[in-house]
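A.B. asks: You'll find query07.txt just under this line, and it carries compact mmCIF, C-alpha atoms.
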# COMPACT_ATOMS: atom_id res chain seq x y z
CA MET A 297 -179.86 100.25 124.00
CA ILE A 298 -177.07 99.75 121.82
CA MET A 299 -173.74 101.33 125.92
CA PRO A 300 -173.05 101.38 129.50
CA SER A 301 -176.47 102.01 130.95
CA SER A 302 -177.60 100.94 127.58
CA THR A 303 -175.34 100.68 124.71
CA LEU A 304 -178.13 101.78 122.57
CA GLY A 305 -179.37 103.59 125.62
CA ALA A 306 -175.83 104.76 126.23
CA LEU A 307 -175.33 105.60 122.57
CA ALA A 308 -178.80 107.27 122.88
CA LEU A 309 -177.11 102.40 123.03
CA GLY A 310 -174.66 105.85 125.43
CA ALA A 311 -174.34 104.10 122.77
CA SER A 312 -178.09 103.78 123.27
CA LEU A 313 -182.70 102.07 118.34
CA ALA A 314 -190.62 105.90 113.71
CA LEU A 315 -193.07 103.81 114.40
CA GLY A 316 -195.06 102.31 111.61
CA ALA A 317 -196.32 99.11 110.07
CA GLY A 318 -193.72 96.76 108.70
CA LEU A 319 -192.06 93.40 108.97
CA VAL A 320 -191.98 92.01 112.47
CA ALA A 321 -189.57 89.40 113.74
CA THR A 322 -189.69 87.90 117.21
CA ALA A 323 -187.22 86.03 119.40
CA ALA A 324 -186.09 83.78 116.54
CA VAL A 325 -184.67 86.69 114.55
CA SER A 326 -182.34 85.47 111.80
CA ALA A 327 -179.14 87.17 110.67
CA GLU A 328 -180.81 88.05 107.37
CA GLN A 329 -183.36 90.15 109.25
CA LEU A 330 -180.80 92.31 111.04
CA PRO A 331 -180.26 95.74 109.52
CA PHE A 332 -176.48 95.46 110.03
CA ARG A 333 -173.76 92.85 110.56
CA GLY A 334 -170.18 93.04 111.78
CA ALA A 335 -168.52 95.67 113.96
CA PHE A 336 -169.38 99.39 113.83
CA GLY A 337 -167.82 102.18 115.89
CA ALA A 338 -169.24 105.57 116.82
CA VAL A 339 -167.41 108.15 114.71
CA THR A 340 -167.21 110.96 117.29
CA GLU A 341 -165.84 108.63 120.01
CA ASN A 342 -163.32 106.73 117.83
CA GLY A 343 -165.30 103.54 118.53
CA CYS A 344 -163.41 101.36 116.03
CA LYS A 345 -160.14 102.00 117.88
CA SER A 346 -161.77 100.76 121.11
CA TYR A 347 -163.16 97.75 119.22
CA ARG A 348 -159.72 96.82 117.82
CA GLU A 349 -158.20 97.16 121.30
CA GLN A 350 -161.11 95.17 122.80
CA ALA A 351 -161.51 98.02 125.29
CA GLU A 352 -164.63 99.67 126.65
CA GLY A 353 -165.91 102.21 124.14
CA HIS A 354 -168.67 103.19 121.76
CA TYR A 355 -169.04 100.28 119.34
CA ILE A 356 -171.30 97.37 118.56
CA GLU A 357 -170.57 93.94 117.10
CA THR A 358 -173.19 91.43 115.97
CA HIS A 359 -172.99 87.93 117.40
CA GLY A 360 -172.20 85.05 115.05
CA ASN A 361 -175.82 83.84 115.13
CA GLY A 362 -177.12 87.28 114.14
CA ARG A 363 -179.60 87.40 117.02
CA GLY A 364 -177.78 89.93 119.14
CA TYR A 365 -174.74 92.10 119.60
CA SER A 366 -172.15 93.25 122.08
CA ALA A 367 -171.92 96.91 122.89
CA THR A 368 -169.26 99.14 124.42
CA GLY A 369 -167.21 96.09 125.46
CA GLU A 370 -169.39 95.65 128.53
CA CYS A 371 -172.90 94.75 127.36
CA GLY A 372 -174.36 91.74 125.58
CA CYS A 373 -177.75 92.33 123.97
CA ASP A 374 -180.23 89.80 122.56
CA LEU A 375 -182.79 90.88 119.98
CA THR A 376 -186.38 90.30 120.97
CA ARG A 377 -187.96 92.10 117.99
CA VAL A 378 -186.97 93.83 114.76
CA ARG A 379 -189.54 96.04 113.06
CA LYS A 380 -188.92 97.66 109.67
CA THR A 381 -190.16 101.25 109.90
CA GLY A 382 -188.94 102.63 106.57
CA PRO A 383 -186.92 101.72 103.46
CA THR A 384 -183.67 101.56 105.48
CA ALA A 385 -184.92 102.14 109.06
CA TYR A 386 -185.46 99.49 111.73
CA ARG A 387 -186.70 99.61 115.30
CA LEU A 388 -184.82 97.11 117.48
CA SER A 389 -186.05 95.83 120.82
CA THR A 390 -183.43 94.07 122.94
CA ILE A 391 -182.63 92.73 126.37
CA CYS A 392 -179.14 93.88 127.40
CA ARG A 393 -176.93 92.43 130.11
CA CYS A 394 -174.30 94.98 131.13
CA ASN A 395 -171.45 94.61 133.62
CA ASP A 396 -172.67 97.60 135.64
CA ALA A 397 -176.35 96.56 135.84
CA GLU A 398 -177.85 94.24 138.44
CA LYS A 399 -180.34 92.68 136.02
CA PRO A 400 -181.00 92.56 132.27
CA GLN A 401 -182.51 95.76 130.89
CA PRO A 402 -184.94 96.12 127.96
CA GLU A 403 -183.80 98.66 125.41
CA GLU A 404 -185.00 100.06 122.09
CA ALA A 405 -183.17 101.90 119.35
CA THR A 406 -183.72 103.03 115.79
CA VAL A 407 -181.11 101.89 113.27
CA VAL A 408 -180.91 103.50 109.85
CA VAL A 409 -178.65 101.81 107.31
CA THR A 410 -177.18 104.69 105.31
CA SER A 411 -174.68 102.58 103.31
CA PRO A 412 -172.86 99.22 103.54
CA ARG A 413 -170.20 101.05 105.57
CA GLU A 414 -172.37 103.24 107.79
CA ILE A 415 -175.34 103.03 110.12
CA LYS A 416 -176.98 105.55 112.42
CA ILE A 417 -178.25 104.48 115.81
CA ASP A 418 -180.69 106.97 117.26
CA GLY A 419 -179.09 109.58 115.01
CA ARG A 420 -175.49 108.83 116.03
CA ARG A 421 -173.17 107.90 113.15
CA TYR A 422 -171.27 104.56 113.20
CA LEU A 423 -168.79 103.34 110.61
CA ARG A 424 -167.88 99.73 109.85
CA CYS A 425 -164.67 98.76 111.65
CA LYS A 426 -161.85 97.26 109.60
Any chance you could put this one into structure tokens?

C.D. replies:
Amino acid sequence: MIMPSSTLGALALGASLALGAGLVATAAVSAEQLPFRGAFGAVTENGCKSYREQAEGHYIETHGNGRGYSATGECGCDLTRVRKTGPTAYRLSTICRCNDAEKPQPEEATVVVTSPREIKIDGRRYLRCK
């Protein structure tokens, strides 16, 4: 879900988000329920550089309302569900609208918050952009 075909799908979001009982949030997800906030770039693809240049690349940025994010500079994704699957792991379900897709696409990804500066999306490492 979170890059081109799916940011999370493309970071997986290309940048493309196990399962278990936990907290469930639906369409009215609040910022406090998101496992991350701000901008994060994929380490191996120098995603923060693309974010700073506002260019297409491997990064995500949460929206001001905390209910979605932008990915790769070409996708906008809205959260439909957040499910806590572990102490720092979350399963995100989204609907993403990408420039190269004819219609919105559902996507899922697993986000693990490893520190205030780092998250992993489907195993791919992202650092907070400065």

A.B. asks: For Ile415 (chain A), which of A:Thr384, A:Ser366, A:Gln401, A:Ser389 is the closest residue, counting all atoms listed in the file?

C.D. replies: A:Thr384

A.B. asks: Find the residues around Arg424 (chain A) up to 6 Å (only C-alpha atoms counted), leave out those fewer than 6 positions away in its own chain, and share them as a list in words.

C.D. replies: Ala335, Phe336 and Arg413 of chain A

A.B. asks: So how many Å separate CA of Thr368 (chain A) and CA of Ile356 (chain A), to one decimal?

C.D. replies: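 Spanning CA of Thr368 (chain A) to CA of Ile356 (chain A) is a straight-line distance of 6.5 Å.
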
A.B. asks: For each of A:Arg379, A:Leu388, A:Cys373, A:Glu414, take the minimum atom-to-atom distance to Pro400 (chain A), counting all atoms listed in the file, then give the residue where this is smallest.

C.D. replies: A:Cys373

A.B. asks: In terms of the shortest atom-to-atom distance over only C-alpha atoms, which of A:Glu352, A:Glu357, A:Glu370, A:Glu403 is closest to Cys425 (chain A)?

C.D. replies: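 Closest to Cys425 (chain A) of all the choices is A:Glu357.
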
A.B. asks: Find, counting only C-alpha atoms, the residue in A:Cys371, A:Val407, A:Cys344, A:Ile391 that gets nearest to Phe332 (chain A).

C.D. replies: A:Val407

A.B. asks: With distances taken over only C-alpha atoms, which of A:Val339, A:Val378, A:Ala367, A:Val408 is nearest to Ala351 (chain A)?

C.D. replies: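 Nearest to Ala351 (chain A): A:Ala367.
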
A.B. asks: Here is a test: counting only C-alpha atoms, which residue of A:Tyr355, A:Glu349, A:Pro383, A:Cys392 is nearest to Ile417 (chain A)?

C.D. replies: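 Of the candidates, the smallest distance to Ile417 (chain A) is held by A:Tyr355.
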
A.B. asks: Quick one: residues within 10 Å of Asn342 (chain A), only C-alpha atoms counted, chain neighbours fewer than 2 positions away excluded, as a list in words?

C.D. replies: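 Answer for this query is Gly337, Ala338, Val339, Thr340, Cys344, Lys345, Ser346, Tyr347, Gly353, His354, Tyr355, Tyr422 and Leu423 of chain A.
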
A.B. asks: CA of Arg420 (chain A) and CA of Tyr365 (chain A) are how many Å apart?

C.D. replies: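 CA of Tyr365 (chain A) lies 17.1 Å from CA of Arg420 (chain A).
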
A.B. asks: Rounded to one decimal, what separation in Å do you get between CA of Gly372 (chain A) and CA of Thr358 (chain A)?

C.D. replies: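 Taking CA of Gly372 (chain A) and CA of Thr358 (chain A), their separation equals 9.7 Å.
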